[in-house]
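This is target_6.txt. It holds compact mmCIF, C-alpha atoms and all ligand atoms.
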# COMPACT_ATOMS: atom_id res chain seq x y z
CA MET A 15 13.85 4.87 12.54
CA ASP A 16 10.67 6.08 10.82
CA ALA A 17 7.33 5.47 12.56
CA PHE A 18 5.50 2.36 11.37
CA THR A 19 2.48 0.12 12.00
CA TYR A 20 2.81 -3.65 12.21
CA THR A 21 -0.07 -6.13 12.52
CA GLY A 22 0.82 -9.74 13.34
CA LEU A 23 -1.13 -12.54 11.66
CA PRO A 24 -2.72 -14.87 14.24
CA THR A 25 -2.18 -18.16 12.34
CA ARG A 26 -0.66 -21.03 14.36
CA VAL A 27 2.29 -22.62 12.51
CA VAL A 28 3.71 -26.10 12.95
CA PHE A 29 6.93 -26.53 10.94
CA GLY A 30 9.21 -29.50 10.33
CA SER A 31 9.68 -32.85 8.70
CA GLY A 32 6.89 -35.39 9.34
CA THR A 33 4.69 -32.77 11.01
CA LEU A 34 1.55 -33.95 9.16
CA LEU A 35 1.49 -36.68 11.82
CA GLN A 36 0.23 -33.94 14.14
CA LEU A 37 -2.79 -33.24 11.93
CA GLY A 38 -5.25 -35.12 14.14
CA ALA A 39 -4.12 -33.25 17.25
CA GLU A 40 -4.28 -29.91 15.41
CA VAL A 41 -7.77 -30.67 14.07
CA GLU A 42 -8.96 -31.58 17.57
CA ARG A 43 -7.33 -28.46 18.99
CA LEU A 44 -9.72 -26.42 16.83
CA GLY A 45 -12.70 -28.44 18.05
CA ILE A 46 -13.27 -30.01 14.63
CA LYS A 47 -15.11 -33.34 14.79
CA ARG A 48 -15.60 -34.06 11.07
CA ALA A 49 -13.15 -32.47 8.63
CA VAL A 50 -13.48 -32.53 4.86
CA VAL A 51 -10.08 -33.04 3.20
CA LEU A 52 -9.58 -30.89 0.10
CA ALA A 53 -7.16 -31.47 -2.78
CA THR A 54 -6.71 -31.13 -6.54
CA PRO A 55 -7.58 -34.16 -8.70
CA GLN A 56 -3.79 -34.69 -9.09
CA GLN A 57 -3.34 -34.93 -5.32
CA GLN A 58 -6.47 -36.99 -4.57
CA ALA A 59 -4.40 -39.97 -3.39
CA ASP A 60 -2.62 -37.72 -0.83
CA ALA A 61 -6.00 -36.50 0.38
CA GLU A 62 -7.32 -40.07 0.69
CA ARG A 63 -4.26 -41.05 2.74
CA THR A 64 -4.70 -37.97 4.93
CA ALA A 65 -8.39 -38.77 5.49
CA ALA A 66 -7.50 -42.36 6.37
CA ALA A 67 -4.94 -41.13 8.89
CA LEU A 68 -7.55 -38.82 10.43
CA GLY A 69 -9.90 -41.79 10.91
CA SER A 70 -13.18 -40.76 12.53
CA LEU A 71 -12.13 -37.09 12.43
CA ALA A 72 -12.50 -37.15 8.61
CA ALA A 73 -15.89 -36.59 6.99
CA GLY A 74 -14.64 -37.32 3.47
CA VAL A 75 -12.56 -36.04 0.57
CA PHE A 76 -13.36 -33.37 -2.03
CA ALA A 77 -10.65 -33.40 -4.71
CA GLU A 78 -11.77 -30.91 -7.34
CA ALA A 79 -9.68 -27.87 -6.38
CA THR A 80 -8.42 -25.98 -9.41
CA MET A 81 -6.39 -22.86 -10.29
CA HIS A 82 -7.94 -19.41 -9.61
CA THR A 83 -10.78 -20.75 -7.41
CA PRO A 84 -13.72 -20.89 -9.84
CA VAL A 85 -16.99 -20.20 -8.01
CA ALA A 86 -18.63 -23.20 -9.72
CA VAL A 87 -16.14 -25.53 -7.98
CA THR A 88 -16.72 -23.77 -4.65
CA ASP A 89 -20.48 -24.27 -5.07
CA ARG A 90 -19.95 -28.01 -5.58
CA ALA A 91 -17.61 -28.11 -2.57
CA MET A 92 -20.21 -26.30 -0.44
CA ALA A 93 -22.78 -28.96 -1.38
CA ALA A 94 -20.28 -31.69 -0.46
CA VAL A 95 -19.50 -30.03 2.89
CA ALA A 96 -23.22 -29.86 3.69
CA ALA A 97 -23.85 -33.46 2.57
CA MET A 98 -20.94 -34.75 4.71
CA GLY A 99 -21.98 -32.67 7.72
CA ALA A 100 -18.39 -31.37 7.90
CA ASP A 101 -17.47 -28.85 10.60
CA GLY A 102 -13.91 -28.09 9.52
CA LEU A 103 -11.58 -27.91 6.51
CA VAL A 104 -8.25 -29.60 5.86
CA ALA A 105 -6.38 -28.66 2.69
CA VAL A 106 -3.41 -30.64 1.39
CA GLY A 107 -1.97 -28.91 -1.65
CA GLY A 108 -0.76 -25.71 -3.24
CA GLY A 109 -2.37 -22.32 -3.69
CA SER A 110 -5.29 -23.79 -5.65
CA THR A 111 -6.35 -26.11 -2.81
CA THR A 112 -5.77 -23.44 -0.18
CA GLY A 113 -7.91 -21.09 -2.30
CA LEU A 114 -10.79 -23.56 -2.19
CA ALA A 115 -10.52 -23.89 1.61
CA LYS A 116 -10.55 -20.10 1.93
CA ALA A 117 -13.55 -19.76 -0.38
CA ILE A 118 -15.50 -22.25 1.76
CA ALA A 119 -14.36 -20.50 4.96
CA LEU A 120 -15.55 -17.17 3.58
CA ARG A 121 -19.05 -18.60 3.14
CA THR A 122 -19.22 -20.76 6.28
CA ASP A 123 -16.57 -19.50 8.72
CA LEU A 124 -15.45 -23.13 9.20
CA PRO A 125 -11.95 -23.47 10.73
CA GLN A 126 -9.10 -24.37 8.36
CA VAL A 127 -5.98 -26.48 8.76
CA ILE A 128 -3.73 -26.09 5.72
CA ALA A 129 -0.84 -28.37 4.79
CA PRO A 130 0.95 -26.56 1.92
CA THR A 131 2.76 -28.58 -0.74
CA THR A 132 4.09 -25.68 -2.86
CA TYR A 133 5.77 -22.34 -2.10
CA ALA A 134 2.86 -20.08 -3.19
CA GLY A 135 2.26 -18.75 0.35
CA SER A 136 -1.53 -18.33 0.16
CA GLU A 137 -1.90 -20.08 3.54
CA MET A 138 -0.38 -17.04 5.25
CA THR A 139 -2.70 -14.43 3.74
CA PRO A 140 -6.22 -13.12 4.36
CA ILE A 141 -6.50 -12.76 0.56
CA LEU A 142 -8.79 -14.74 -1.73
CA GLY A 143 -8.99 -14.48 -5.53
CA GLU A 144 -12.09 -16.07 -7.07
CA THR A 145 -13.15 -16.38 -10.71
CA LYS A 146 -16.63 -16.28 -12.17
CA ASP A 147 -17.49 -15.99 -15.87
CA GLY A 148 -13.78 -15.47 -16.63
CA LEU A 149 -13.50 -12.50 -14.24
CA LYS A 150 -11.17 -12.66 -11.22
CA THR A 151 -12.04 -10.66 -8.12
CA THR A 152 -9.71 -10.44 -5.14
CA ILE A 153 -10.86 -9.75 -1.60
CA ARG A 154 -9.08 -9.30 1.72
CA ASN A 155 -11.06 -10.68 4.67
CA ALA A 156 -9.86 -11.97 8.05
CA LYS A 157 -12.39 -14.84 7.75
CA VAL A 158 -10.28 -16.52 5.06
CA LEU A 159 -6.99 -16.51 7.01
CA PRO A 160 -6.33 -20.14 8.06
CA GLU A 161 -6.36 -20.91 11.80
CA THR A 162 -3.53 -23.46 11.56
CA VAL A 163 -0.83 -24.21 9.00
CA ILE A 164 1.17 -27.43 9.13
CA TYR A 165 4.34 -27.08 7.08
CA ASP A 166 5.57 -30.61 6.53
CA VAL A 167 8.78 -30.54 4.51
CA ASP A 168 8.12 -34.15 3.43
CA LEU A 169 5.01 -33.06 1.48
CA THR A 170 7.17 -30.92 -0.79
CA LEU A 171 9.61 -33.70 -1.73
CA THR A 172 7.35 -34.72 -4.64
CA LEU A 173 6.98 -31.21 -6.05
CA PRO A 174 8.70 -31.55 -9.45
CA PRO A 175 11.90 -29.46 -9.78
CA ALA A 176 10.48 -27.23 -12.55
CA LEU A 177 7.38 -26.46 -10.45
CA SER A 178 9.54 -25.97 -7.36
CA ALA A 179 11.60 -23.37 -9.22
CA VAL A 180 8.69 -21.24 -10.44
CA SER A 181 6.77 -21.66 -7.19
CA GLY A 182 9.86 -20.49 -5.29
CA MET A 183 10.28 -17.48 -7.59
CA ASN A 184 6.58 -16.70 -7.00
CA ALA A 185 7.33 -16.64 -3.26
CA ILE A 186 10.38 -14.42 -3.74
CA ALA A 187 8.17 -11.95 -5.64
CA HIS A 188 6.04 -11.42 -2.51
CA ALA A 189 9.13 -10.54 -0.48
CA VAL A 190 10.63 -8.28 -3.17
CA GLU A 191 7.48 -6.16 -3.32
CA ALA A 192 7.13 -6.18 0.49
CA LEU A 193 10.55 -4.53 0.75
CA TYR A 194 9.36 -1.47 -1.19
CA ALA A 195 5.67 -1.55 -0.17
CA GLN A 196 4.03 1.73 0.73
CA ASP A 197 3.16 0.28 4.17
CA ARG A 198 6.46 -1.63 4.61
CA ASN A 199 7.80 -1.98 8.15
CA PRO A 200 11.06 -3.26 9.65
CA ILE A 201 9.58 -6.57 10.89
CA ILE A 202 8.20 -7.57 7.51
CA SER A 203 11.41 -6.37 5.84
CA LEU A 204 13.40 -8.73 8.10
CA MET A 205 11.16 -11.60 7.04
CA ALA A 206 11.38 -10.58 3.39
CA GLU A 207 15.17 -10.55 3.29
CA ALA A 208 15.41 -13.83 5.22
CA GLY A 209 12.74 -15.38 2.99
CA ILE A 210 14.55 -14.46 -0.24
CA LYS A 211 17.85 -15.73 1.18
CA ALA A 212 16.39 -19.09 2.27
CA LEU A 213 14.80 -19.66 -1.14
CA ALA A 214 17.81 -18.46 -3.13
CA ASP A 215 20.00 -20.87 -1.12
CA GLY A 216 17.58 -23.81 -1.22
CA LEU A 217 16.13 -23.75 -4.74
CA PRO A 218 19.33 -24.47 -6.74
CA LYS A 219 20.02 -27.49 -4.49
CA ILE A 220 16.45 -28.74 -5.07
CA ILE A 221 16.95 -28.59 -8.85
CA THR A 222 20.01 -30.82 -8.42
CA ASP A 223 18.36 -33.16 -5.91
CA PRO A 224 14.58 -32.75 -5.42
CA ARG A 225 14.69 -35.04 -2.35
CA ASP A 226 17.32 -32.97 -0.51
CA ARG A 227 15.43 -32.51 2.79
CA ALA A 228 17.68 -29.75 4.10
CA ALA A 229 17.21 -27.69 0.92
CA ARG A 230 13.48 -28.42 0.91
CA SER A 231 13.31 -27.27 4.53
CA GLN A 232 15.11 -24.01 3.67
CA ALA A 233 12.79 -23.37 0.72
CA LEU A 234 9.60 -24.09 2.67
CA TYR A 235 10.76 -21.88 5.54
CA GLY A 236 11.48 -19.12 3.01
CA ALA A 237 8.07 -19.62 1.41
CA TRP A 238 6.40 -19.22 4.80
CA LEU A 239 8.21 -15.93 5.43
CA CYS A 240 7.39 -14.68 1.93
CA GLY A 241 3.73 -15.65 2.43
CA VAL A 242 3.65 -13.55 5.61
CA CYS A 243 5.02 -10.64 3.55
CA LEU A 244 2.21 -11.01 1.00
CA GLY A 245 -0.40 -11.21 3.74
CA SER A 246 0.91 -8.23 5.69
CA VAL A 247 1.74 -5.36 3.33
CA GLY A 248 0.54 -4.06 -0.03
CA MET A 249 1.92 -5.26 -3.35
CA ALA A 250 2.88 -3.02 -6.29
CA LEU A 251 3.56 -3.00 -10.05
CA HIS A 252 4.87 -6.56 -10.26
CA HIS A 253 1.74 -8.15 -8.75
CA LYS A 254 -0.50 -5.82 -10.77
CA LEU A 255 1.17 -6.93 -14.02
CA CYS A 256 0.96 -10.61 -13.03
CA HIS A 257 -2.75 -10.31 -12.20
CA THR A 258 -3.35 -8.46 -15.49
CA LEU A 259 -1.50 -11.05 -17.57
CA GLY A 260 -2.97 -14.02 -15.69
CA GLY A 261 -6.51 -12.71 -15.95
CA THR A 262 -6.41 -11.40 -19.51
CA PHE A 263 -4.29 -14.03 -21.27
CA ASP A 264 -4.78 -16.97 -18.90
CA LEU A 265 -1.02 -17.29 -18.37
CA PRO A 266 0.22 -19.75 -15.71
CA HIS A 267 0.48 -18.08 -12.29
CA ALA A 268 3.92 -18.97 -10.92
CA GLU A 269 5.65 -18.91 -14.33
CA THR A 270 4.33 -15.41 -15.03
CA HIS A 271 5.70 -14.20 -11.69
CA THR A 272 9.05 -15.77 -12.51
CA VAL A 273 9.38 -14.08 -15.89
CA LEU A 274 8.22 -10.63 -14.81
CA LEU A 275 10.00 -10.30 -11.46
CA PRO A 276 13.47 -9.22 -12.67
CA HIS A 277 11.90 -6.63 -14.99
CA ALA A 278 9.52 -5.18 -12.40
CA THR A 279 12.41 -5.04 -9.92
CA ALA A 280 14.58 -3.13 -12.40
CA TYR A 281 11.70 -0.73 -13.02
CA ASN A 282 11.59 0.15 -9.31
CA ALA A 283 15.33 0.07 -8.63
CA ALA A 284 16.03 3.80 -8.68
CA ALA A 285 12.96 4.57 -6.55
CA ALA A 286 13.69 1.95 -3.88
CA PRO A 287 17.46 1.74 -3.24
CA GLU A 288 17.18 0.27 0.29
CA ALA A 289 14.92 -2.52 -0.95
CA MET A 290 17.34 -3.24 -3.81
CA ALA A 291 20.26 -3.47 -1.38
CA ALA A 292 18.33 -5.97 0.79
CA ILE A 293 17.34 -8.10 -2.23
CA ALA A 294 20.91 -8.10 -3.58
CA ARG A 295 22.26 -9.06 -0.12
CA ALA A 296 19.78 -11.91 0.13
CA LEU A 297 20.66 -13.18 -3.34
CA GLY A 298 24.39 -12.75 -2.84
CA ALA A 299 24.35 -10.64 -6.01
CA ARG A 300 25.66 -7.18 -6.86
CA ASN A 301 22.40 -6.06 -8.41
CA ALA A 302 18.87 -7.08 -7.35
CA ALA A 303 17.16 -7.22 -10.76
CA GLN A 304 20.11 -8.85 -12.54
CA GLY A 305 20.52 -11.27 -9.64
CA LEU A 306 16.87 -12.37 -9.95
CA TYR A 307 17.28 -12.85 -13.70
CA ASP A 308 20.40 -14.92 -13.10
CA LEU A 309 18.68 -17.00 -10.39
CA ALA A 310 15.85 -17.81 -12.83
CA GLY A 311 18.50 -18.80 -15.37
CA GLN A 312 20.31 -20.98 -12.85
CA LEU A 313 17.01 -22.71 -12.00
CA GLY A 314 16.23 -23.24 -15.68
CA THR A 315 12.82 -21.55 -15.51
CA PRO A 316 11.09 -19.92 -18.48
CA ARG A 317 12.32 -16.34 -18.89
CA ALA A 318 10.06 -15.09 -21.73
CA LEU A 319 6.33 -14.35 -21.78
CA LYS A 320 6.23 -15.55 -25.39
CA ASP A 321 7.11 -19.03 -24.11
CA LEU A 322 4.11 -18.95 -21.74
CA GLY A 323 1.56 -18.42 -24.52
CA MET A 324 1.34 -14.62 -24.42
CA PRO A 325 0.33 -13.17 -27.82
CA ALA A 326 2.75 -10.53 -29.18
CA GLU A 327 0.00 -7.92 -29.53
CA GLY A 328 -0.94 -8.52 -25.87
CA VAL A 329 1.94 -6.37 -24.66
CA VAL A 330 0.17 -3.11 -25.59
CA ARG A 331 -3.16 -4.31 -24.23
CA ALA A 332 -1.58 -5.41 -20.95
CA THR A 333 0.10 -2.02 -20.56
CA ASP A 334 -3.24 -0.25 -20.99
CA ILE A 335 -5.05 -2.55 -18.56
CA ALA A 336 -2.29 -2.31 -15.93
CA LEU A 337 -2.39 1.49 -16.08
CA ALA A 338 -6.19 1.76 -16.06
CA ASN A 339 -6.49 0.82 -12.39
CA PRO A 340 -2.95 0.79 -10.99
CA TYR A 341 -1.66 -0.30 -7.57
CA TRP A 342 0.55 2.12 -5.62
CA ASN A 343 4.15 1.79 -6.85
CA PRO A 344 7.43 3.37 -5.70
CA ALA A 345 8.46 4.46 -9.22
CA LEU A 346 6.16 6.63 -11.30
CA LEU A 347 4.03 4.54 -13.65
CA GLN A 348 4.73 5.66 -17.23
CA HIS A 349 3.11 4.12 -20.27
CA ASP A 350 6.20 3.83 -22.48
CA ALA A 351 8.40 2.56 -19.67
CA ILE A 352 5.91 -0.19 -18.76
CA LEU A 353 5.51 -1.07 -22.42
CA GLY A 354 9.30 -1.42 -22.63
CA LEU A 355 9.35 -3.59 -19.49
CA LEU A 356 6.69 -5.90 -20.97
CA GLN A 357 8.45 -6.03 -24.35
CA ARG A 358 11.66 -7.19 -22.68
CA ALA A 359 9.74 -9.73 -20.56
CA TYR A 360 7.95 -10.90 -23.71
CA ALA A 361 11.25 -11.49 -25.48
CA GLY A 362 13.01 -12.88 -22.40
CA SER A 363 15.87 -10.41 -22.62
CA ARG A 364 17.89 -9.20 -19.65
CA PRO A 365 16.21 -6.47 -17.54
CA ILE A 366 17.58 -3.02 -18.22
CA GLY A 367 19.19 -1.20 -15.34
CA GLY A 368 18.53 -1.92 -11.72
CA ALA A 369 21.95 -0.64 -10.71
CA LEU A 370 22.29 0.38 -7.09
P1 LIG B 1 -1.33 -25.23 -7.59
O1 LIG B 1 -1.87 -25.31 -6.22
O2 LIG B 1 -2.32 -25.00 -8.71
O3 LIG B 1 -0.49 -26.54 -7.89
C1 LIG B 1 0.01 -26.79 -9.20
C2 LIG B 1 -0.04 -28.29 -9.51
O4 LIG B 1 0.95 -28.95 -8.74
C3 LIG B 1 -1.38 -28.95 -9.13
O5 LIG B 1 -1.68 -29.90 -10.08
C4 LIG B 1 -1.05 -29.60 -7.80
O6 LIG B 1 -1.90 -30.69 -7.52
C5 LIG B 1 0.38 -30.01 -8.01
N1 LIG B 1 1.16 -30.11 -6.77
C6 LIG B 1 1.17 -29.23 -5.75
N2 LIG B 1 2.03 -29.62 -4.80
C7 LIG B 1 2.56 -30.79 -5.22
C8 LIG B 1 3.53 -31.69 -4.65
N3 LIG B 1 4.16 -31.42 -3.51
N4 LIG B 1 3.83 -32.80 -5.36
C9 LIG B 1 3.27 -33.03 -6.56
N5 LIG B 1 2.36 -32.22 -7.15
C10 LIG B 1 2.02 -31.11 -6.48
O7 LIG B 1 -0.19 -24.11 -7.75
P2 LIG B 1 0.28 -22.91 -6.81
O8 LIG B 1 1.23 -22.14 -7.62
O9 LIG B 1 0.67 -23.41 -5.48
O10 LIG B 1 -1.04 -22.07 -6.59
C11 LIG B 1 -1.51 -21.20 -7.58
C12 LIG B 1 -2.85 -20.62 -7.16
O11 LIG B 1 -2.75 -20.05 -5.86
C13 LIG B 1 -3.35 -19.52 -8.08
O12 LIG B 1 -4.74 -19.67 -8.26
C14 LIG B 1 -3.02 -18.27 -7.31
O13 LIG B 1 -3.86 -17.18 -7.66
C15 LIG B 1 -3.22 -18.71 -5.89
N6 LIG B 1 -2.46 -17.92 -4.90
C16 LIG B 1 -3.18 -17.20 -4.00
C17 LIG B 1 -2.53 -16.47 -3.03
C18 LIG B 1 -3.33 -15.69 -2.01
O14 LIG B 1 -2.76 -15.12 -1.09
N7 LIG B 1 -4.64 -15.64 -2.14
C19 LIG B 1 -1.13 -16.47 -2.96
C20 LIG B 1 -0.42 -17.22 -3.90
C21 LIG B 1 -1.10 -17.96 -4.86
Show this structure as structure tokens.
Amino acid sequence: MDAFTYTGLPTRVVFGSGTLLQLGAEVERLGIKRAVVLATPQQQADAERTAAALGSLAAGVFAEATMHTPVAVTDRAMAAVAAMGADGLVAVGGGSTTGLAKAIALRTDLPQVIAPTTYAGSEMTPILGETKDGLKTTIRNAKVLPETVIYDVDLTLTLPPALSAVSGMNAIAHAVEALYAQDRNPIISLMAEAGIKALADGLPKIITDPRDRAARSQALYGAWLCGVCLGSVGMALHHKLCHTLGGTFDLPHAETHTVLLPHATAYNAAAAPEAMAAIARALGARNAAQGLYDLAGQLGTPRALKDLGMPAEGVVRATDIALANPYWNPALLQHDAILGLLQRAYAGSRPIGGAL
């Protein structure tokens, strides 16, 4: 075995069905006396219920979380935290709500308890992306890693099937890139393969029956593992392209991941055969990239960037931006090859290659 370095993330995890009932105990465990409950406007009612259940441990609700963590929203949240005299943060929601909790924690060092309701995985990472004046900056800082995460399968039962599918593919993308990361290690690779397998097993059942608790449990467990992958090792071409497209053309986060993943995987196939074998095993497919494309098809997700609002001429621009400041990647980054990848993703055609 090659030498490697592994750093464990110190987050405490409570997993199961109905686990949000333990929120009060978990909040007290962190010494929080007055928690502000964060949510998106769409999940305000959930936040109100959570605050009511917390009783005197809740300072109030702030339900303005939004995609890509705009600094203006964080500023308003900071004012609310100060006005409420809050000494801790509870987030009930997806990556957008978790992002807001992290942004407040970065500025205040307040402890966080996160109850995820999607498969984005942000709760397991020390990473925060914030936007100001249309520009997204991403930082890595131990201060933003949540102290406690309560995975309650029941909170995901209401995630609509279409959102579940793209959110799950977003999670799988973290594990795929972890398997060929420059700083990959055997522990994270174990989690990555198990994470992909749990999601690939669970997601199709969720599309058929969104209230299938066993499938939801599998998917949430997979999302946790994939989130650990994202938080632990570096990401490559796929994440770079998603950040470029999201930032430049304002494309939806999870959908963009879903469309690009099979193509980015095919791009790296020849340079990362062991990773491809692990992905294919986890998917129960013969070929990693084709298997991911087929899974997206089975889940009925969008498969073309043109259907996400990407302008046709954006393909060239995105190629230039992605190459201007690239992430490390196992396969050599070549302009024409990336242009071809983006053209196929734009059209929604099958990825080329990816054979083992
Ligand atoms: P999201 O949090 O924006 O949620 C999408 C929509 O679904 C929202 O309206 C939300 O209220 C609703 N929703 C969420 N869970 C629901 C449920 N169970 N039932 C009903 N409705 C529900 O989407 P997301 O994909 O989870 O997060 C995307 C954001 O997270 C992006 O800003 C992305 O950059 C960020 N992100 C960050 C990291 C990181 O490590 N920093 C990792 C992944 C994603």
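For the choices A:Ala229, A:Leu44, A:Ala179, A:Ala289, the atom-to-atom distance to Ile202 (chain A) is smallest for A:Ala289 when using only C-alpha atoms.
Minimum atom-to-atom distance to ligand LIG 1 (chain B), evaluated using all atoms listed in the file, belongs to A:Pro140 out of A:Gly74, A:Pro140, A:Pro365, A:Gly38.
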Can you pull out the residues contacting region 20-37 of chain A? Cut-off 7 Å, using all atoms listed in the file, and skip same-chain residues under 3 positions away; I want them as an MDAnalysis selection string. chainID A and resid 40:41 160:168 199
Find the residues of chain A that sit at most 8 Å from ligand LIG 1 (chain B); for each, write down the nearest two atoms and how far apart they are in Å, to one decimal. Count all atoms listed in the file. Sort by chain, then by number going up, and give it as JSON lines.
{"residue": "A:Ala53", "atom": "CA", "partner": "B:LIG1", "partner_atom": "O6", "distance": 7.1}
{"residue": "A:Thr54", "atom": "CA", "partner": "B:LIG1", "partner_atom": "O6", "distance": 4.9}
{"residue": "A:Pro55", "atom": "CA", "partner": "B:LIG1", "partner_atom": "O6", "distance": 6.8}
{"residue": "A:Gln56", "atom": "CA", "partner": "B:LIG1", "partner_atom": "O6", "distance": 4.7}
{"residue": "A:Gln57", "atom": "CA", "partner": "B:LIG1", "partner_atom": "O6", "distance": 5.0}
{"residue": "A:Thr80", "atom": "CA", "partner": "B:LIG1", "partner_atom": "O2", "distance": 6.2}
{"residue": "A:Met81", "atom": "CA", "partner": "B:LIG1", "partner_atom": "O12", "distance": 4.1}
{"residue": "A:His82", "atom": "CA", "partner": "B:LIG1", "partner_atom": "O12", "distance": 3.5}
{"residue": "A:Thr83", "atom": "CA", "partner": "B:LIG1", "partner_atom": "O12", "distance": 6.2}
{"residue": "A:Gly107", "atom": "CA", "partner": "B:LIG1", "partner_atom": "N2", "distance": 5.1}
{"residue": "A:Gly108", "atom": "CA", "partner": "B:LIG1", "partner_atom": "O1", "distance": 3.2}
{"residue": "A:Gly109", "atom": "CA", "partner": "B:LIG1", "partner_atom": "O11", "distance": 3.2}
{"residue": "A:Ser110", "atom": "CA", "partner": "B:LIG1", "partner_atom": "O1", "distance": 3.8}
{"residue": "A:Thr111", "atom": "CA", "partner": "B:LIG1", "partner_atom": "O1", "distance": 5.7}
{"residue": "A:Thr112", "atom": "CA", "partner": "B:LIG1", "partner_atom": "O11", "distance": 7.3}
{"residue": "A:Gly113", "atom": "CA", "partner": "B:LIG1", "partner_atom": "O11", "distance": 6.4}
{"residue": "A:Pro130", "atom": "CA", "partner": "B:LIG1", "partner_atom": "N2", "distance": 7.5}
{"residue": "A:Thr131", "atom": "CA", "partner": "B:LIG1", "partner_atom": "N3", "distance": 4.2}
{"residue": "A:Thr132", "atom": "CA", "partner": "B:LIG1", "partner_atom": "N2", "distance": 4.9}
{"residue": "A:Tyr133", "atom": "CA", "partner": "B:LIG1", "partner_atom": "O9", "distance": 6.2}
{"residue": "A:Ala134", "atom": "CA", "partner": "B:LIG1", "partner_atom": "C20", "distance": 4.4}
{"residue": "A:Gly135", "atom": "CA", "partner": "B:LIG1", "partner_atom": "C20", "distance": 5.3}
{"residue": "A:Ser136", "atom": "CA", "partner": "B:LIG1", "partner_atom": "C19", "distance": 3.7}
{"residue": "A:Glu137", "atom": "CA", "partner": "B:LIG1", "partner_atom": "O14", "distance": 6.8}
{"residue": "A:Met138", "atom": "CA", "partner": "B:LIG1", "partner_atom": "O14", "distance": 7.0}
{"residue": "A:Thr139", "atom": "CA", "partner": "B:LIG1", "partner_atom": "O14", "distance": 4.9}
{"residue": "A:Pro140", "atom": "CA", "partner": "B:LIG1", "partner_atom": "O14", "distance": 6.8}
{"residue": "A:Ile141", "atom": "CA", "partner": "B:LIG1", "partner_atom": "N7", "distance": 4.4}
{"residue": "A:Leu142", "atom": "CA", "partner": "B:LIG1", "partner_atom": "N7", "distance": 4.3}
{"residue": "A:Gly143", "atom": "CA", "partner": "B:LIG1", "partner_atom": "N7", "distance": 5.6}
{"residue": "A:Thr152", "atom": "CA", "partner": "B:LIG1", "partner_atom": "N7", "distance": 7.9}
{"residue": "A:Leu169", "atom": "CA", "partner": "B:LIG1", "partner_atom": "N3", "distance": 5.3}
{"residue": "A:Thr170", "atom": "CA", "partner": "B:LIG1", "partner_atom": "N3", "distance": 4.1}
{"residue": "A:Leu171", "atom": "CA", "partner": "B:LIG1", "partner_atom": "N3", "distance": 6.2}
{"residue": "A:Thr172", "atom": "CA", "partner": "B:LIG1", "partner_atom": "N4", "distance": 4.1}
{"residue": "A:Leu173", "atom": "CA", "partner": "B:LIG1", "partner_atom": "N4", "distance": 3.6}
{"residue": "A:Pro174", "atom": "CA", "partner": "B:LIG1", "partner_atom": "C9", "distance": 6.3}
{"residue": "A:Leu177", "atom": "CA", "partner": "B:LIG1", "partner_atom": "O4", "distance": 7.1}
{"residue": "A:Ser181", "atom": "CA", "partner": "B:LIG1", "partner_atom": "O8", "distance": 5.6}
{"residue": "A:Asn184", "atom": "CA", "partner": "B:LIG1", "partner_atom": "O8", "distance": 7.7}
{"residue": "A:Ala185", "atom": "CA", "partner": "B:LIG1", "partner_atom": "C20", "distance": 7.8}
{"residue": "A:Gly241", "atom": "CA", "partner": "B:LIG1", "partner_atom": "C19", "distance": 7.3}
{"residue": "A:Leu244", "atom": "CA", "partner": "B:LIG1", "partner_atom": "O14", "distance": 6.8}
{"residue": "A:Gly245", "atom": "CA", "partner": "B:LIG1", "partner_atom": "O14", "distance": 6.6}
{"residue": "A:His267", "atom": "CA", "partner": "B:LIG1", "partner_atom": "C13", "distance": 5.9}
{"residue": "A:Ala268", "atom": "CA", "partner": "B:LIG1", "partner_atom": "O8", "distance": 5.3}
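You can rank A:Ala156, A:Ala302, A:Ala96, A:Ala237 by their closest distance to Glu288 (chain A) using all atoms listed in the file, and at the top of that list sits A:Ala302.
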